[in-house]
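File shown: start39.cif (mmCIF, C-alpha atoms).
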```
data_structure
loop_
_atom_site.label_atom_id
_atom_site.label_comp_id
_atom_site.auth_asym_id
_atom_site.auth_seq_id
_atom_site.Cartn_x
_atom_site.Cartn_y
_atom_site.Cartn_z
CA MET A 1 -22.35 5.49 -16.16
CA GLU A 2 -25.86 4.50 -17.28
CA SER A 3 -27.09 0.90 -17.23
CA ALA A 4 -27.09 0.82 -21.05
CA ASP A 5 -23.36 1.59 -21.02
CA LEU A 6 -22.69 -1.32 -18.70
CA GLN A 7 -24.83 -3.63 -20.83
CA GLY A 8 -22.74 -2.70 -23.85
CA ILE A 9 -19.55 -3.50 -21.97
CA VAL A 10 -20.88 -6.87 -20.81
CA ALA A 11 -22.01 -7.71 -24.34
CA PHE A 12 -18.60 -6.74 -25.71
CA VAL A 13 -16.71 -8.86 -23.14
CA GLN A 14 -18.97 -11.84 -23.70
CA THR A 15 -18.56 -11.56 -27.48
CA ILE A 16 -14.76 -11.57 -27.22
CA GLU A 17 -14.82 -14.59 -24.91
CA ALA A 18 -17.53 -16.51 -26.80
CA GLY A 19 -16.17 -15.70 -30.26
CA SER A 20 -19.45 -14.66 -31.88
CA PHE A 21 -22.59 -12.58 -31.45
CA THR A 22 -24.67 -15.76 -31.46
CA SER A 23 -22.77 -17.44 -28.63
CA ALA A 24 -22.66 -14.21 -26.64
CA GLY A 25 -26.41 -13.86 -27.07
CA GLU A 26 -26.94 -17.38 -25.76
CA ARG A 27 -24.87 -16.55 -22.68
CA LEU A 28 -26.78 -13.31 -22.09
CA ARG A 29 -30.14 -14.78 -23.10
CA VAL A 30 -30.74 -12.14 -25.75
CA THR A 31 -30.79 -12.25 -29.54
CA LYS A 32 -27.76 -12.10 -31.79
CA SER A 33 -28.95 -8.78 -33.21
CA ALA A 34 -29.37 -7.31 -29.72
CA VAL A 35 -25.73 -8.11 -28.93
CA GLY A 36 -24.52 -6.60 -32.21
CA LYS A 37 -26.61 -3.47 -31.70
CA SER A 38 -25.36 -3.03 -28.13
CA ILE A 39 -21.71 -3.25 -29.23
CA ALA A 40 -22.30 -0.91 -32.18
CA GLN A 41 -23.75 1.68 -29.77
CA LEU A 42 -20.74 1.20 -27.49
CA GLU A 43 -18.35 1.80 -30.40
CA HIS A 44 -20.31 4.91 -31.35
CA ARG A 45 -20.06 6.32 -27.82
CA LEU A 46 -16.35 5.58 -27.62
CA GLY A 47 -15.64 6.79 -31.14
CA VAL A 48 -13.50 3.77 -31.96
CA ARG A 49 -13.96 0.41 -33.67
CA LEU A 50 -13.59 -2.44 -31.19
CA LEU A 51 -14.20 -5.44 -33.45
CA ASN A 52 -13.08 -6.55 -36.89
CA ARG A 53 -16.17 -8.11 -38.48
CA THR A 54 -16.19 -10.51 -41.42
CA THR A 55 -18.86 -12.90 -42.63
CA ARG A 56 -17.01 -15.77 -40.98
CA SER A 57 -15.35 -14.40 -37.85
CA LEU A 58 -14.97 -11.66 -35.28
CA SER A 59 -11.71 -10.48 -33.78
CA PRO A 60 -10.79 -7.53 -31.57
CA THR A 61 -8.92 -4.58 -32.99
CA SER A 62 -5.79 -3.47 -31.09
CA GLU A 63 -7.92 -0.82 -29.36
CA GLY A 64 -10.60 -3.44 -28.72
CA LEU A 65 -8.12 -5.82 -27.08
CA SER A 66 -6.85 -3.10 -24.73
CA TYR A 67 -10.41 -2.08 -23.91
CA TYR A 68 -11.38 -5.72 -23.31
CA GLU A 69 -8.57 -6.19 -20.77
CA ALA A 70 -9.60 -3.02 -18.93
CA CYS A 71 -13.26 -4.08 -18.94
CA VAL A 72 -12.43 -7.53 -17.51
CA ARG A 73 -10.55 -5.91 -14.63
CA ALA A 74 -13.38 -3.45 -13.98
CA LEU A 75 -16.09 -6.13 -14.06
CA SER A 76 -14.02 -8.28 -11.71
CA GLU A 77 -13.81 -5.39 -9.26
CA ILE A 78 -17.57 -4.91 -9.41
CA GLU A 79 -18.15 -8.62 -8.86
CA ALA A 80 -15.70 -8.64 -5.95
CA ALA A 81 -17.40 -5.65 -4.34
CA GLN A 82 -20.82 -7.28 -4.65
CA SER A 83 -19.50 -10.56 -3.30
CA LEU A 84 -17.83 -8.79 -0.38
CA LEU A 85 -21.07 -7.12 0.65
CA ALA A 86 -22.92 -10.43 0.46
CA ALA A 87 -20.13 -12.33 2.18
CA HIS A 88 -20.29 -10.21 5.31
CA ARG A 89 -23.79 -11.53 5.87
CA GLN A 90 -22.83 -15.18 5.51
CA VAL A 91 -20.98 -17.85 7.49
CA PRO A 92 -18.02 -19.73 5.93
CA SER A 93 -19.01 -23.25 4.92
CA GLY A 94 -18.34 -25.93 2.33
CA ARG A 95 -15.00 -27.24 1.07
CA LEU A 96 -11.99 -24.96 0.59
CA ARG A 97 -8.94 -26.24 -1.30
CA VAL A 98 -5.78 -24.35 -0.32
CA ASP A 99 -2.27 -24.72 -1.75
CA LEU A 100 0.76 -23.51 0.24
CA PRO A 101 4.55 -23.37 -0.22
CA SER A 102 6.11 -26.29 1.64
CA ALA A 103 8.25 -24.89 4.47
CA PHE A 104 6.69 -21.43 4.71
CA GLY A 105 3.21 -22.90 4.51
CA GLN A 106 3.82 -25.42 7.26
CA ARG A 107 5.51 -22.98 9.64
CA CYS A 108 3.70 -19.72 9.01
CA VAL A 109 0.35 -20.28 7.28
CA ALA A 110 -0.98 -23.63 8.46
CA PRO A 111 -1.41 -22.53 12.12
CA VAL A 112 -3.74 -19.75 10.95
CA LEU A 113 -5.77 -22.22 8.90
CA PHE A 114 -5.98 -24.65 11.82
CA ASP A 115 -7.40 -21.88 13.99
CA ILE A 116 -9.99 -21.03 11.32
CA SER A 117 -10.91 -24.70 11.08
CA LYS A 118 -11.68 -24.77 14.80
CA ARG A 119 -13.74 -21.57 14.62
CA PHE A 120 -15.92 -22.63 11.67
CA PRO A 121 -17.05 -26.27 11.95
CA ASP A 122 -19.02 -26.09 8.69
CA LEU A 123 -15.85 -25.28 6.74
CA ALA A 124 -13.93 -28.29 5.38
CA MET A 125 -10.34 -27.55 4.30
CA GLU A 126 -8.11 -29.53 1.98
CA ILE A 127 -4.55 -28.22 2.27
CA SER A 128 -1.63 -29.17 0.01
CA PHE A 129 2.03 -28.28 0.51
CA ASN A 130 4.48 -28.03 -2.39
CA ASP A 131 6.87 -25.64 -4.08
CA ARG A 132 5.43 -26.22 -7.52
CA ARG A 133 3.42 -23.27 -8.84
CA VAL A 134 0.04 -24.90 -9.41
CA ASP A 135 -2.53 -23.81 -11.97
CA LEU A 136 -5.40 -22.82 -9.68
CA ILE A 137 -8.13 -23.05 -12.28
CA GLU A 138 -6.84 -26.22 -13.95
CA GLU A 139 -6.37 -28.01 -10.61
CA GLY A 140 -9.48 -26.69 -8.87
CA ILE A 141 -7.65 -24.75 -6.15
CA ASP A 142 -9.75 -22.10 -4.39
CA LEU A 143 -6.92 -20.19 -2.71
CA ALA A 144 -3.13 -20.26 -2.73
CA VAL A 145 -0.28 -18.49 -0.99
CA ARG A 146 2.52 -17.60 -3.38
CA MET A 147 6.02 -16.30 -2.75
CA GLY A 148 7.78 -14.14 -5.31
CA GLU A 149 6.61 -12.25 -8.36
CA LEU A 150 3.07 -12.89 -9.51
CA ASP A 151 2.21 -13.88 -13.05
CA ASP A 152 0.66 -11.05 -15.07
CA SER A 153 -2.65 -12.88 -15.36
CA LEU A 154 -6.16 -11.52 -15.65
CA SER A 155 -7.47 -14.83 -14.33
CA LEU A 156 -6.11 -14.34 -10.78
CA ALA A 157 -6.94 -11.88 -8.04
CA ALA A 158 -4.33 -11.23 -5.35
CA ARG A 159 -3.78 -9.55 -2.01
CA ARG A 160 -0.35 -8.89 -0.54
CA LEU A 161 0.17 -10.48 2.85
CA TYR A 162 3.80 -9.92 3.75
CA VAL A 163 7.29 -9.08 2.52
CA GLN A 164 9.86 -11.65 3.57
CA ARG A 165 12.96 -10.35 5.38
CA SER A 166 16.20 -12.28 5.10
CA CYS A 167 19.88 -12.15 6.04
CA VAL A 168 23.26 -13.82 5.52
CA LEU A 169 24.17 -15.92 8.55
CA ALA A 170 26.38 -18.65 9.95
CA ALA A 171 27.06 -20.55 13.16
CA PRO A 172 29.52 -18.91 15.61
CA ALA A 173 31.70 -22.04 15.53
CA TYR A 174 32.09 -21.78 11.77
CA LEU A 175 33.02 -18.09 11.97
CA GLU A 176 35.57 -18.76 14.71
CA GLU A 177 37.24 -21.44 12.60
CA HIS A 178 37.09 -19.79 9.17
CA GLY A 179 36.91 -16.08 9.98
CA ARG A 180 34.16 -13.54 9.43
CA PRO A 181 33.82 -12.09 5.92
CA ARG A 182 33.71 -8.30 5.91
CA THR A 183 32.76 -7.76 2.26
CA ILE A 184 30.73 -9.55 -0.37
CA GLU A 185 33.95 -10.33 -2.27
CA GLU A 186 35.31 -12.21 0.74
CA LEU A 187 32.33 -14.57 0.65
CA ALA A 188 33.92 -16.38 -2.32
CA ALA A 189 36.63 -17.78 -0.03
CA HIS A 190 34.08 -19.35 2.31
CA LYS A 191 32.01 -22.49 2.34
CA LEU A 192 28.57 -21.46 1.16
CA ILE A 193 25.21 -23.20 1.46
CA GLY A 194 22.98 -22.43 -1.54
CA TYR A 195 19.38 -22.93 -2.56
CA THR A 196 18.22 -24.25 -5.91
CA ARG A 197 14.86 -24.91 -7.50
CA ASN A 198 14.47 -26.81 -10.76
CA GLY A 199 18.22 -26.69 -11.23
CA VAL A 200 18.42 -22.88 -10.98
CA ALA A 201 20.56 -21.35 -8.21
CA HIS A 202 18.79 -18.57 -6.33
CA PRO A 203 20.80 -15.39 -5.68
CA TRP A 204 21.15 -13.74 -2.28
CA THR A 205 19.91 -10.19 -1.70
CA ILE A 206 22.74 -8.45 0.14
CA ARG A 207 23.18 -4.97 1.57
CA HIS A 208 26.51 -3.42 0.52
CA ALA A 209 28.66 -1.35 2.85
CA ASP A 210 27.23 1.86 1.32
CA GLY A 211 23.69 0.69 2.07
CA GLN A 212 22.83 -0.23 -1.50
CA ILE A 213 21.05 -3.53 -2.15
CA GLY A 214 22.55 -5.96 -4.64
CA LYS A 215 22.33 -9.57 -5.82
CA PHE A 216 24.98 -12.20 -5.15
CA THR A 217 24.86 -15.68 -6.70
CA PRO A 218 26.88 -18.01 -4.45
CA ARG A 219 29.18 -20.68 -5.81
CA ALA A 220 28.00 -23.06 -3.13
CA ARG A 221 29.71 -26.28 -2.10
CA LEU A 222 26.48 -27.48 -0.51
CA VAL A 223 23.26 -26.97 -2.49
CA LEU A 224 19.80 -27.84 -1.17
CA ASP A 225 16.26 -27.39 -2.47
CA ASN A 226 14.53 -26.80 0.85
CA GLY A 227 14.99 -24.19 3.59
CA GLU A 228 14.70 -26.58 6.53
CA PRO A 229 17.86 -28.61 5.73
CA MET A 230 19.65 -25.36 4.84
CA LEU A 231 18.98 -24.18 8.40
CA ASP A 232 20.16 -27.51 9.77
CA ALA A 233 23.35 -27.31 7.68
CA ALA A 234 24.11 -23.81 8.94
CA LEU A 235 23.51 -24.88 12.55
CA ALA A 236 25.88 -27.82 11.98
CA GLY A 237 28.64 -25.39 10.95
CA CYS A 238 28.71 -26.40 7.28
CA GLY A 239 29.07 -22.81 6.06
CA ILE A 240 27.41 -19.47 5.43
CA THR A 241 23.92 -19.25 4.01
CA PHE A 242 21.03 -16.87 3.32
CA LEU A 243 17.75 -17.48 5.13
CA PRO A 244 14.49 -15.68 5.90
CA THR A 245 13.63 -14.58 9.43
CA TRP A 246 10.56 -16.83 9.57
CA LEU A 247 12.96 -19.77 9.38
CA ALA A 248 16.01 -18.49 11.26
CA ALA A 249 14.54 -16.15 13.94
CA ASP A 250 14.71 -18.63 16.83
CA SER A 251 18.31 -19.56 16.01
CA LEU A 252 19.32 -15.90 15.78
CA ARG A 253 17.68 -15.06 19.11
CA SER A 254 19.34 -17.98 20.86
CA GLY A 255 22.76 -17.16 19.39
CA ALA A 256 22.99 -20.47 17.54
CA LEU A 257 23.38 -18.40 14.35
CA GLU A 258 24.84 -14.93 13.76
CA MET A 259 24.18 -12.39 11.02
CA VAL A 260 27.10 -11.82 8.64
CA LEU A 261 28.10 -8.70 6.63
CA SER A 262 25.29 -6.56 8.02
CA ASP A 263 23.14 -6.37 11.12
CA ARG A 264 20.18 -5.16 9.05
CA LEU A 265 17.67 -7.40 7.35
CA VAL A 266 16.72 -6.98 3.70
CA GLU A 267 13.27 -7.38 2.20
CA ASN A 268 13.55 -9.76 -0.72
CA ILE A 269 10.31 -11.64 -1.50
CA ALA A 270 6.66 -10.56 -1.50
CA VAL A 271 4.03 -13.04 -0.33
CA HIS A 272 0.48 -12.93 -1.72
CA ALA A 273 -2.81 -14.73 -1.31
CA VAL A 274 -4.21 -15.49 -4.78
CA TRP A 275 -7.50 -16.90 -6.02
CA PRO A 276 -9.22 -17.27 -9.40
CA VAL A 277 -11.34 -14.29 -10.44
CA THR A 278 -13.84 -16.83 -11.72
CA ARG A 279 -14.49 -17.69 -8.06
CA ALA A 280 -16.60 -15.13 -6.20
CA VAL A 281 -15.04 -13.86 -3.00
CA THR A 282 -17.13 -16.20 -0.91
CA PRO A 283 -17.20 -16.14 2.90
CA LYS A 284 -14.77 -19.08 3.06
CA ILE A 285 -12.17 -17.26 0.96
CA ARG A 286 -12.76 -13.92 2.65
CA VAL A 287 -12.35 -15.25 6.18
CA VAL A 288 -9.05 -16.95 5.33
CA VAL A 289 -7.59 -13.95 3.49
CA ASP A 290 -8.64 -11.54 6.25
CA ALA A 291 -7.12 -13.78 8.92
CA LEU A 292 -3.86 -14.07 6.99
CA VAL A 293 -3.65 -10.30 6.46
CA GLU A 294 -4.12 -9.74 10.20
CA HIS A 295 -1.59 -12.44 11.12
CA PHE A 296 1.12 -11.18 8.78
CA SER A 297 0.67 -7.53 9.79
CA ALA A 298 2.83 -8.32 12.85
CA PRO A 299 4.38 -11.79 12.43
CA PRO A 300 5.92 -13.13 15.64
CA TRP A 301 9.23 -14.08 14.00
CA ASP A 302 9.85 -10.45 12.99
CA ALA A 303 9.10 -9.06 16.47
CA ALA A 304 11.84 -6.99 17.98
#
```
Starting from the file, lay out its structure as structure tokens.
Amino acid sequence: MESADLQGIVAFVQTIEAGSFTSAGERLRVTKSAVGKSIAQLEHRLGVRLLNRTTRSLSPTSEGLSYYEACVRALSEIEAAQSLLAAHRQVPSGRLRVDLPSAFGQRCVAPVLFDISKRFPDLAMEISFNDRRVDLIEEGIDLAVRMGELDDSLSLAARRLYVQRSCVLAAPAYLEEHGRPRTIEELAAHKLIGYTRNGVAHPWTIRHADGQIGKFTPRARLVLDNGEPMLDAALAGCGITFLPTWLAADSLRSGALEMVLSDRLVENIAVHAVWPVTRAVTPKIRVVVDALVEHFSAPPWDAA
């Protein structure tokens, strides 16, 4: 690709985002006519009309909208590559605002951040813990760890850290008193401890006897909105529940809890680090993401 091609792409993206040739020209510090000419040449090379032009407005054609989305992703990759090269020559410094899921963040992510804080004295961290999915750009968050499916957003970059592994479990005392369910259908006759967020019950991911993975929504008699009290309830013998290994590993190793239905864990939730694409991958973001990737490549709670 020649530099003129890239200039045409940048002019096109800026025009879509600014809404006019004039505003795009102001952003690029060139004339309105230069922007229009650059986009016209781009359309000629591609053999397709990208913009609907009237005397009062500009709007992308259907082909133009698809091309715009592809261009934004490509330009973000170029920016990230340039930032990565520059970042390797710099030391993390300044303020970094990080948002983490409550229980998982406190148990599994915060220790990594504390270690980074000790290693880089010029880096000031502000860490929040909550299970609300924050708007990173709106709330000025530099980096977040998110569990579950990511939003299909062009405004966020992401890197997968880990896939959570979970299992159905209960205290031995409960199983001795109420019996051990052998099938998913038998779970309905047991006391179940469920998880809810915003009034929505979360299903369990369960391995069937034939090895197939399925979803089971418990009709729980005890419903909680946080994993820590769910663990406490299971340890107290209140019933059967579904918990991730990062939360239940110590109790499973000690025998305080036992796996039910299957002795094999299931992978049920992906965990990602996410940051706004409007933020360059600065040294402070890079060092945290790299440390998290290394940490989650062999998490201690999933060790054999």
Apply the PyMOL selection byres ((chain A and resi 178) around 12) to the structure shown and report the selected residues as a VMD selection string. chain A and resid 170 to 177 179 to 181 186 to 187 189 to 192 237 to 240
Would you list the contacts of A:Pro60 as an NGL selection string, taking every protein, DNA or RNA residue within 9 Å and counting all atoms listed in the file, but skipping same-chain residues closer than 3 positions in sequence? :A and (16 or 49-53 or 63-65 or 68)
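Closest approach to A:Leu96 among A:Leu169, A:Leu143, A:Ala80, A:Ile193: A:Leu143, based on only C-alpha atoms.
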Where does the PyMOL selection byres ((chain A and resi 150) around 12) land in this file, that is, which residues does it pick, as a compact mmCIF listing (two decimals) with C-alpha atoms, keeping the file's coordinate frame?
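See expr_6.txt below for the written result:
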```
# COMPACT_ATOMS: atom_id res chain seq x y z
CA ARG A 133 3.42 -23.27 -8.84
CA ALA A 144 -3.13 -20.26 -2.73
CA VAL A 145 -0.28 -18.49 -0.99
CA ARG A 146 2.52 -17.60 -3.38
CA MET A 147 6.02 -16.30 -2.75
CA GLY A 148 7.78 -14.14 -5.31
CA GLU A 149 6.61 -12.25 -8.36
CA ASP A 151 2.21 -13.88 -13.05
CA ASP A 152 0.66 -11.05 -15.07
CA SER A 153 -2.65 -12.88 -15.36
CA LEU A 154 -6.16 -11.52 -15.65
CA SER A 155 -7.47 -14.83 -14.33
CA LEU A 156 -6.11 -14.34 -10.78
CA ALA A 157 -6.94 -11.88 -8.04
CA ALA A 158 -4.33 -11.23 -5.35
CA ARG A 159 -3.78 -9.55 -2.01
CA ARG A 160 -0.35 -8.89 -0.54
CA ILE A 269 10.31 -11.64 -1.50
CA ALA A 270 6.66 -10.56 -1.50
CA VAL A 271 4.03 -13.04 -0.33
CA HIS A 272 0.48 -12.93 -1.72
CA ALA A 273 -2.81 -14.73 -1.31
CA VAL A 274 -4.21 -15.49 -4.78
CA TRP A 275 -7.50 -16.90 -6.02
```
Just checking: using only C-alpha atoms, which residue out of A:Ala209, A:Val91, A:Ile141, A:Val72 ends up closest to A:Leu123?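 Using only C-alpha atoms, A:Leu123 sits closest to A:Val91.
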Any chance you could work out the residue set of the PyMOL selection byres ((chain A and resi 228) around 12) here, as a tab-separated table (two decimals) with C-alpha atoms, in the coordinates of the input?
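Produced file out-v3.tsv, reproduced below:
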```tsv
chain	number	residue	atom	x	y	z
A	102	SER	CA	6.11	-26.29	1.64
A	103	ALA	CA	8.25	-24.89	4.47
A	104	PHE	CA	6.69	-21.43	4.71
A	106	GLN	CA	3.82	-25.42	7.26
A	107	ARG	CA	5.51	-22.98	9.64
A	195	TYR	CA	19.38	-22.93	-2.56
A	224	LEU	CA	19.80	-27.84	-1.17
A	225	ASP	CA	16.26	-27.39	-2.47
A	226	ASN	CA	14.53	-26.80	0.85
A	227	GLY	CA	14.99	-24.19	3.59
A	229	PRO	CA	17.86	-28.61	5.73
A	230	MET	CA	19.65	-25.36	4.84
A	231	LEU	CA	18.98	-24.18	8.40
A	232	ASP	CA	20.16	-27.51	9.77
A	233	ALA	CA	23.35	-27.31	7.68
A	234	ALA	CA	24.11	-23.81	8.94
A	235	LEU	CA	23.51	-24.88	12.55
A	243	LEU	CA	17.75	-17.48	5.13
A	244	PRO	CA	14.49	-15.68	5.90
A	246	TRP	CA	10.56	-16.83	9.57
A	247	LEU	CA	12.96	-19.77	9.38
A	248	ALA	CA	16.01	-18.49	11.26
```
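Picture a line from atom CA of A:Leu6 to atom CA of A:Thr61; it runs 20.1 Å.
One finds atom CA of A:Leu58 at 10.8 Å from atom CA of A:Glu17.
Taking atom CA of A:Ile127 and atom CA of A:Phe296 as endpoints, the distance between them is 19.1 Å.
With distances taken over only C-alpha atoms, A:Gly211 is the one residue among A:Pro283, A:Gly8, A:Gly25, A:Gly211 lying closest to A:Asp263.
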The residues within 7 Å of (2.2, -25.2, -0.8), using all atoms listed in the file and the coordinates of the file, should be reported as a VMD selection string; which are they? chain A and resid 99 to 102 105 128 to 131
Nearby residues (all atoms listed in the file) at most 8 Å from A:Arg165, same-chain spacing under 5 positions excluded, as an MDAnalysis selection string: chainID A and resid 244:245 265:269
Could you give me the axis-aligned bounding box of stretch 167-180 of chain A, with 6 Å of padding per side, as centre plus edge lengths in Å to one decimal, as JSON?
```
{"center_x": 28.6, "center_y": -17.1, "center_z": 10.6, "size_x": 29.4, "size_y": 21.9, "size_z": 22.1}
```
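If you measure from each of A:Arg73, A:Ser57, A:Arg197, A:Gln82 to A:Phe21 using all atoms listed in the file, the closest one turns out to be A:Ser57.
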Excluding same-chain residues fewer than 5 positions from A:His202, what lies within 9 Å of it counting all atoms listed in the file, as a PyMOL selection string? chain A and resi 194-197+216-218
Just want the 8 Å neighbourhood of A:Lys215, counted on only C-alpha atoms, with same-chain residues fewer than 6 positions away dropped. Output as JSON, numbers by chain. {"A": [203, 204, 205, 206]}
Between A:Glu138, A:Glu79, A:Asp250, A:Asp115, which is the closest to A:Leu292 once you count all atoms listed in the file?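 So, comparing all the options, the nearest one is A:Asp115.
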File for stretch 9-31 of chain A (N, CA and C atoms), as a compact mmCIF listing (two decimals), in the first residue's frame:
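Listed below is the output, out12.txt:
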```
# COMPACT_ATOMS: atom_id res chain seq x y z
N ILE A 9 -7.55 6.72 3.17
CA ILE A 9 -8.28 6.00 4.20
C ILE A 9 -8.47 6.88 5.43
N VAL A 10 -7.40 7.55 5.85
CA VAL A 10 -7.49 8.42 7.02
C VAL A 10 -8.49 9.55 6.76
N ALA A 11 -8.45 10.14 5.58
CA ALA A 11 -9.38 11.21 5.24
C ALA A 11 -10.82 10.70 5.27
N PHE A 12 -11.04 9.50 4.75
CA PHE A 12 -12.37 8.91 4.73
C PHE A 12 -12.88 8.67 6.15
N VAL A 13 -12.05 8.07 7.01
CA VAL A 13 -12.44 7.81 8.40
C VAL A 13 -12.74 9.11 9.13
N GLN A 14 -11.89 10.10 8.97
CA GLN A 14 -12.10 11.37 9.64
C GLN A 14 -13.37 12.06 9.15
N THR A 15 -13.68 11.93 7.88
CA THR A 15 -14.90 12.54 7.33
C THR A 15 -16.14 11.89 7.92
N ILE A 16 -16.14 10.57 8.03
CA ILE A 16 -17.28 9.87 8.63
C ILE A 16 -17.46 10.34 10.07
N GLU A 17 -16.37 10.41 10.82
CA GLU A 17 -16.46 10.74 12.24
C GLU A 17 -16.75 12.22 12.48
N ALA A 18 -16.24 13.09 11.59
CA ALA A 18 -16.45 14.53 11.77
C ALA A 18 -17.76 14.99 11.15
N GLY A 19 -18.25 14.27 10.13
CA GLY A 19 -19.53 14.61 9.53
C GLY A 19 -19.47 15.52 8.33
N SER A 20 -18.27 16.01 7.98
CA SER A 20 -18.15 16.89 6.82
C SER A 20 -16.71 16.96 6.36
N PHE A 21 -16.53 17.38 5.09
CA PHE A 21 -15.18 17.57 4.57
C PHE A 21 -14.47 18.70 5.32
N THR A 22 -15.24 19.73 5.66
CA THR A 22 -14.64 20.89 6.33
C THR A 22 -14.07 20.51 7.70
N SER A 23 -14.88 19.81 8.50
CA SER A 23 -14.42 19.41 9.83
C SER A 23 -13.28 18.41 9.74
N ALA A 24 -13.35 17.50 8.77
CA ALA A 24 -12.26 16.54 8.60
C ALA A 24 -10.98 17.26 8.21
N GLY A 25 -11.10 18.27 7.35
CA GLY A 25 -9.93 19.04 6.95
C GLY A 25 -9.30 19.76 8.13
N GLU A 26 -10.14 20.28 9.03
CA GLU A 26 -9.62 20.95 10.22
C GLU A 26 -8.85 19.97 11.10
N ARG A 27 -9.36 18.74 11.21
CA ARG A 27 -8.67 17.74 12.01
C ARG A 27 -7.33 17.37 11.39
N LEU A 28 -7.31 17.27 10.06
CA LEU A 28 -6.11 16.83 9.36
C LEU A 28 -5.19 17.98 8.97
N ARG A 29 -5.69 19.21 9.21
CA ARG A 29 -4.93 20.41 8.87
C ARG A 29 -4.66 20.51 7.36
N VAL A 30 -5.68 20.19 6.60
CA VAL A 30 -5.64 20.36 5.14
C VAL A 30 -6.94 21.04 4.73
N THR A 31 -7.05 21.39 3.46
CA THR A 31 -8.24 22.08 2.99
C THR A 31 -9.40 21.12 2.77
```
